[in-house]
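Participant: To start, I am sharing the structure in question, which I have written as structure tokens.
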Amino acid sequence: MFRTKRTGLVRRLWRSRAPVEGDGEADTRTHGSGGCCMGKSTKVAGKTSAGTEAELKALTHSILKKIKEKQLEGLLQAVESKGGARSPCLLLPSKVDTKLGQQSYSLPLLLYKVFRWSDLRHCSELKRLSCCESYGKINPELVCCNPHHMSRLCELGKLTYTDRKYSLDSGPSSTETGGTTYSAPVGLSDSQALQESGDRSHWCVVAYWEEKTRVGRLYSVQEPSLDIFYDLPQGNGFCLGQLSSDNKSPLVQMVRTKIGYGIQLSREDDGVWVYNRSCYPIFIKSATLDNPDSRTLLVHKVFPGFSIKAFDFEKADSLQRPNDHEFTQQPRTGFTVQISFVKGWGQCYTRQFISSCPCWLEVIFNNR
């Protein structure tokens with residue numbers, strides 16, 4: 001009976017493995033270009049170099065059968081829910097190598113490839129999520145191999161930041177006139193009220209917009225990480241699906257349903273990271289993502305399963321507007337990140353301003 005249950009778990013896991021390129025199911029949206037979250041433009045190694053399907057199945061089964069039953073159940077929960085359900089860490093030896101065809105893989109890398117990203121080549125392409133027990137640990141004997149405790153790293157190219165202070169092309173202005181920040185009076189008054197209240201427990205507030213209308217109140221964030229979602233199993237955080245909206249636009253209603261698991265916003269030692277948990281791209285605009293010599297801010301496309309460091313406090317502190325008095329009077333400028341679900345905006349898109357996007361977020365950081 002024990003062997004039957006274990007065998008059943010292993011079989012279910014194998015059936016839930018990540019699709020590989022060429023089988024008609026692989027996600028073709030994992031690569032981008034110019035101003036986007038860019039993956040390596042390489043194809044999955046052929047069967048002649050990476051081993052046959054039969055070899056991969058035999059190797060995976062032999063590894064899974066050595067894992068404790070309870071751990072298999074946790075892994076299955078993560079894989080079948082595609083990261084939507086909370087799942088425990090899968091702690092396994094970090095220095096065990098496996099061989100598939102002519103290539104050797106570490107145990108974590110093999111499991112990440114089998115159950116999440118078949119085109120993954122090295123663990124350096126990944127970022128561990130802050131919710132994981134192995135987060136921040138250097139060379140532990142046991143490392144978490146739960147593929148949904150990891151994310152792919154965005155590659156934005158090499159951005160050169162100088163030590164000198166730099167300025168952007170304009171001060172705060174309405175998105176309607178093409179400015180960098182959408183400063184609708186209702187949003188601004190709420191954020192100023194939060195800052196003037198003396199409450200320093202929050203590190204940011206989040207506003208949700210549908211086109212030009214803000215929906216719901218500002219969401220104040222005290223915890224290190226926040227899930228922002230429309231429909232998430234065991235969700236805990238900012239649920240957009242619970243907000244009351246009068247917008248009847250078919251496009252807005254369609255995009256709402258595609259938000260799904262949404263994003264995870266986390267404040268970490270090196271900045272604020274955004275992890276795209278949904279099945280569709282998100283689009284991000286931030287003053288600290290671009291080269292300081294650029295006079296316009298790019299909108300960066302972040303594909304499903306990828307993470308991007310959307311905001312860097314140290315770089316933001318060095319932002320200086322042409323008019324210092326204006327910057328002082330508008331504390332949000334430079335300390336705001338805009339995120340649109342599914343639809344992009346800017347120079348490369350038909351929508352020039354974020355206020356034309358169906359569903360989007362404004363993340364306002366507490367800079368005091």
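Here, A, B, ... name the chains of the structure tokens in the order displayed, residue numbers run from 1 inside each chain, and ligands are numbered from 1 in the same displayed order.
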Env of Lys127 (chain A): 10 Å cut, atoms = only C-alpha atoms, seq-sep filter 4 positions within chain, self excluded. Answer as a list in words.

Facilitator: Cys123, Tyr135, His149, Met150, Ser151, Arg152, Leu153, Cys154, Tyr275, Phe306, Ser307 and Ile308 of chain A

Participant: Keeping N, CA, C and O atoms for every residue in the selection just given, could you write it to a file as a PDB file, in the first residue's frame?

Facilitator:
```
ATOM      1  N   CYS A 123      21.555  27.605 -12.733  1.00  0.00           N
ATOM      2  CA  CYS A 123      20.821  28.200 -11.606  1.00  0.00           C
ATOM      3  C   CYS A 123      21.069  29.704 -11.478  1.00  0.00           C
ATOM      4  O   CYS A 123      20.313  30.401 -10.796  1.00  0.00           O
ATOM      5  N   TYR A 135      16.201  31.163   1.125  1.00  0.00           N
ATOM      6  CA  TYR A 135      16.471  32.535   0.689  1.00  0.00           C
ATOM      7  C   TYR A 135      17.585  33.160   1.523  1.00  0.00           C
ATOM      8  O   TYR A 135      17.538  33.144   2.757  1.00  0.00           O
ATOM      9  N   HIS A 149       9.303  28.018  -5.765  1.00  0.00           N
ATOM     10  CA  HIS A 149       9.941  28.950  -4.837  1.00  0.00           C
ATOM     11  C   HIS A 149      11.047  29.711  -5.553  1.00  0.00           C
ATOM     12  O   HIS A 149      11.844  30.399  -4.924  1.00  0.00           O
ATOM     13  N   MET A 150      11.075  29.563  -6.881  1.00  0.00           N
ATOM     14  CA  MET A 150      12.083  30.219  -7.716  1.00  0.00           C
ATOM     15  C   MET A 150      11.388  31.057  -8.784  1.00  0.00           C
ATOM     16  O   MET A 150      10.210  30.879  -9.078  1.00  0.00           O
ATOM     17  N   SER A 151      12.151  31.984  -9.380  1.00  0.00           N
ATOM     18  CA  SER A 151      11.667  32.761 -10.518  1.00  0.00           C
ATOM     19  C   SER A 151      12.820  32.967 -11.480  1.00  0.00           C
ATOM     20  O   SER A 151      13.991  32.859 -11.093  1.00  0.00           O
ATOM     21  N   ARG A 152      12.495  33.249 -12.735  1.00  0.00           N
ATOM     22  CA  ARG A 152      13.529  33.566 -13.721  1.00  0.00           C
ATOM     23  C   ARG A 152      13.913  35.031 -13.580  1.00  0.00           C
ATOM     24  O   ARG A 152      13.069  35.896 -13.329  1.00  0.00           O
ATOM     25  N   LEU A 153      15.182  35.328 -13.774  1.00  0.00           N
ATOM     26  CA  LEU A 153      15.672  36.698 -13.676  1.00  0.00           C
ATOM     27  C   LEU A 153      15.499  37.432 -14.994  1.00  0.00           C
ATOM     28  O   LEU A 153      15.838  36.904 -16.055  1.00  0.00           O
ATOM     29  N   CYS A 154      15.011  38.651 -14.926  1.00  0.00           N
ATOM     30  CA  CYS A 154      14.957  39.482 -16.118  1.00  0.00           C
ATOM     31  C   CYS A 154      16.353  39.990 -16.454  1.00  0.00           C
ATOM     32  O   CYS A 154      17.138  40.307 -15.560  1.00  0.00           O
ATOM     33  N   TYR A 275       7.501  39.943  -8.898  1.00  0.00           N
ATOM     34  CA  TYR A 275       7.487  38.603  -9.479  1.00  0.00           C
ATOM     35  C   TYR A 275       6.154  38.411 -10.179  1.00  0.00           C
ATOM     36  O   TYR A 275       5.088  38.565  -9.570  1.00  0.00           O
ATOM     37  N   PHE A 306       8.845  35.383 -14.359  1.00  0.00           N
ATOM     38  CA  PHE A 306      10.055  36.196 -14.239  1.00  0.00           C
ATOM     39  C   PHE A 306       9.944  37.190 -13.089  1.00  0.00           C
ATOM     40  O   PHE A 306       8.858  37.616 -12.722  1.00  0.00           O
ATOM     41  N   SER A 307      11.112  37.570 -12.546  1.00  0.00           N
ATOM     42  CA  SER A 307      11.208  38.614 -11.529  1.00  0.00           C
ATOM     43  C   SER A 307      12.069  39.753 -12.041  1.00  0.00           C
ATOM     44  O   SER A 307      13.006  39.533 -12.812  1.00  0.00           O
ATOM     45  N   ILE A 308      11.764  40.956 -11.570  1.00  0.00           N
ATOM     46  CA  ILE A 308      12.545  42.129 -11.937  1.00  0.00           C
ATOM     47  C   ILE A 308      12.702  43.016 -10.706  1.00  0.00           C
ATOM     48  O   ILE A 308      11.770  43.136  -9.904  1.00  0.00           O
TER      49      ILE A 308
END
```

Participant: Report as a ChimeraX atom specification all protein, DNA and RNA residues lying within 10 Å of Arg256 (chain A), evaluated on only C-alpha atoms, omitting residues in the same chain fewer than 3 positions from it.

Facilitator: /A:210,229-231,240-241,250-253,259-260,341-342,358-360

Participant: Keeping N, CA, C and O atoms for every residue in the selection just given, could you write it to a file as a compact mmCIF listing (two decimals), in the first residue's frame?

Facilitator:
```txt
# COMPACT_ATOMS: atom_id res chain seq x y z
N GLU A 210 -8.48 51.30 -13.12
CA GLU A 210 -9.04 50.79 -14.37
C GLU A 210 -9.19 51.97 -15.30
O GLU A 210 -10.04 52.84 -15.06
N PHE A 229 -3.54 40.12 -6.51
CA PHE A 229 -4.10 39.10 -7.38
C PHE A 229 -5.58 39.33 -7.62
O PHE A 229 -6.23 40.12 -6.92
N TYR A 230 -6.11 38.63 -8.60
CA TYR A 230 -7.55 38.64 -8.86
C TYR A 230 -8.18 37.35 -8.37
O TYR A 230 -9.25 37.35 -7.79
N ASP A 231 -7.49 36.24 -8.63
CA ASP A 231 -8.00 34.93 -8.21
C ASP A 231 -6.82 34.04 -7.88
O ASP A 231 -6.12 33.59 -8.77
N LEU A 240 -7.84 42.00 -5.90
CA LEU A 240 -8.51 42.94 -6.79
C LEU A 240 -9.91 42.46 -7.13
O LEU A 240 -10.79 43.26 -7.46
N GLY A 241 -10.12 41.15 -7.07
CA GLY A 241 -11.42 40.60 -7.39
C GLY A 241 -12.51 40.98 -6.40
O GLY A 241 -13.70 40.86 -6.71
N PRO A 250 -15.73 46.00 -22.08
CA PRO A 250 -15.41 44.59 -22.33
C PRO A 250 -13.92 44.30 -22.20
O PRO A 250 -13.55 43.23 -21.73
N LEU A 251 -13.07 45.25 -22.61
CA LEU A 251 -11.64 45.04 -22.51
C LEU A 251 -11.19 44.99 -21.06
O LEU A 251 -10.40 44.12 -20.66
N VAL A 252 -11.71 45.89 -20.23
CA VAL A 252 -11.38 45.88 -18.81
C VAL A 252 -11.83 44.58 -18.17
O VAL A 252 -11.08 43.95 -17.41
N GLN A 253 -13.02 44.14 -18.47
CA GLN A 253 -13.53 42.90 -17.90
C GLN A 253 -12.72 41.70 -18.36
O GLN A 253 -12.48 40.77 -17.58
N ILE A 259 -5.76 38.57 -14.95
CA ILE A 259 -4.82 38.91 -13.87
C ILE A 259 -4.46 37.66 -13.07
O ILE A 259 -3.30 37.47 -12.70
N GLY A 260 -5.47 36.81 -12.82
CA GLY A 260 -5.21 35.52 -12.17
C GLY A 260 -4.42 35.62 -10.88
O GLY A 260 -4.81 36.33 -9.95
N PHE A 341 -1.28 45.27 -16.18
CA PHE A 341 -1.53 43.86 -16.45
C PHE A 341 -1.89 43.66 -17.92
O PHE A 341 -2.74 44.37 -18.46
N VAL A 342 -1.23 42.72 -18.57
CA VAL A 342 -1.56 42.23 -19.92
C VAL A 342 -1.25 43.24 -21.03
O VAL A 342 -0.63 42.89 -22.04
N PRO A 358 -6.23 48.98 -19.43
CA PRO A 358 -7.45 48.51 -18.76
C PRO A 358 -7.30 48.37 -17.25
O PRO A 358 -8.15 48.83 -16.48
N CYS A 359 -6.22 47.69 -16.80
CA CYS A 359 -6.04 47.40 -15.38
C CYS A 359 -4.58 47.64 -15.01
O CYS A 359 -3.69 47.01 -15.59
N TRP A 360 -4.36 48.53 -14.05
CA TRP A 360 -2.97 48.83 -13.70
C TRP A 360 -2.83 49.25 -12.25
O TRP A 360 -3.81 49.56 -11.58
```

Participant: What's around Thr288 (chain A) at 7 Å? Count only C-alpha atoms, leave out sequence neighbours fewer than 4 positions away in its own chain, and write the answer as a list of chain:residue names.

Facilitator: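 Within the cut-off, the hits are A:Phe311, A:Asp312, A:Lys315, A:Ala316.
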
Participant: Just C-alpha atoms for this one: save the residues we selected as a PDB file, in the first residue's frame.

Facilitator:
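Final output, saved to part00.pdb:
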```
ATOM      1  CA  PHE A 311      12.822  49.810  -7.610  1.00  0.00           C
ATOM      2  CA  ASP A 312      16.148  50.665  -6.016  1.00  0.00           C
ATOM      3  CA  LYS A 315      19.303  55.042  -6.873  1.00  0.00           C
ATOM      4  CA  ALA A 316      15.988  56.768  -6.241  1.00  0.00           C
TER       5      ALA A 316
END
```

Participant: Do you have the CA of Lys343 (chain A)-CA of Leu129 (chain A) distance handy?

Facilitator: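 A separation of 25.2 Å between them.
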
Participant: Please run DSSP on the backbone and report, as a list in words, all residues within region 102-138 of chain A that come out as strand (DSSP E).

Facilitator: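 Of region 102-138 of chain A, only Gln103, Ser104, Tyr105, Ser106, Leu126, Lys127 and Arg128 of chain A fall in strand (DSSP E).
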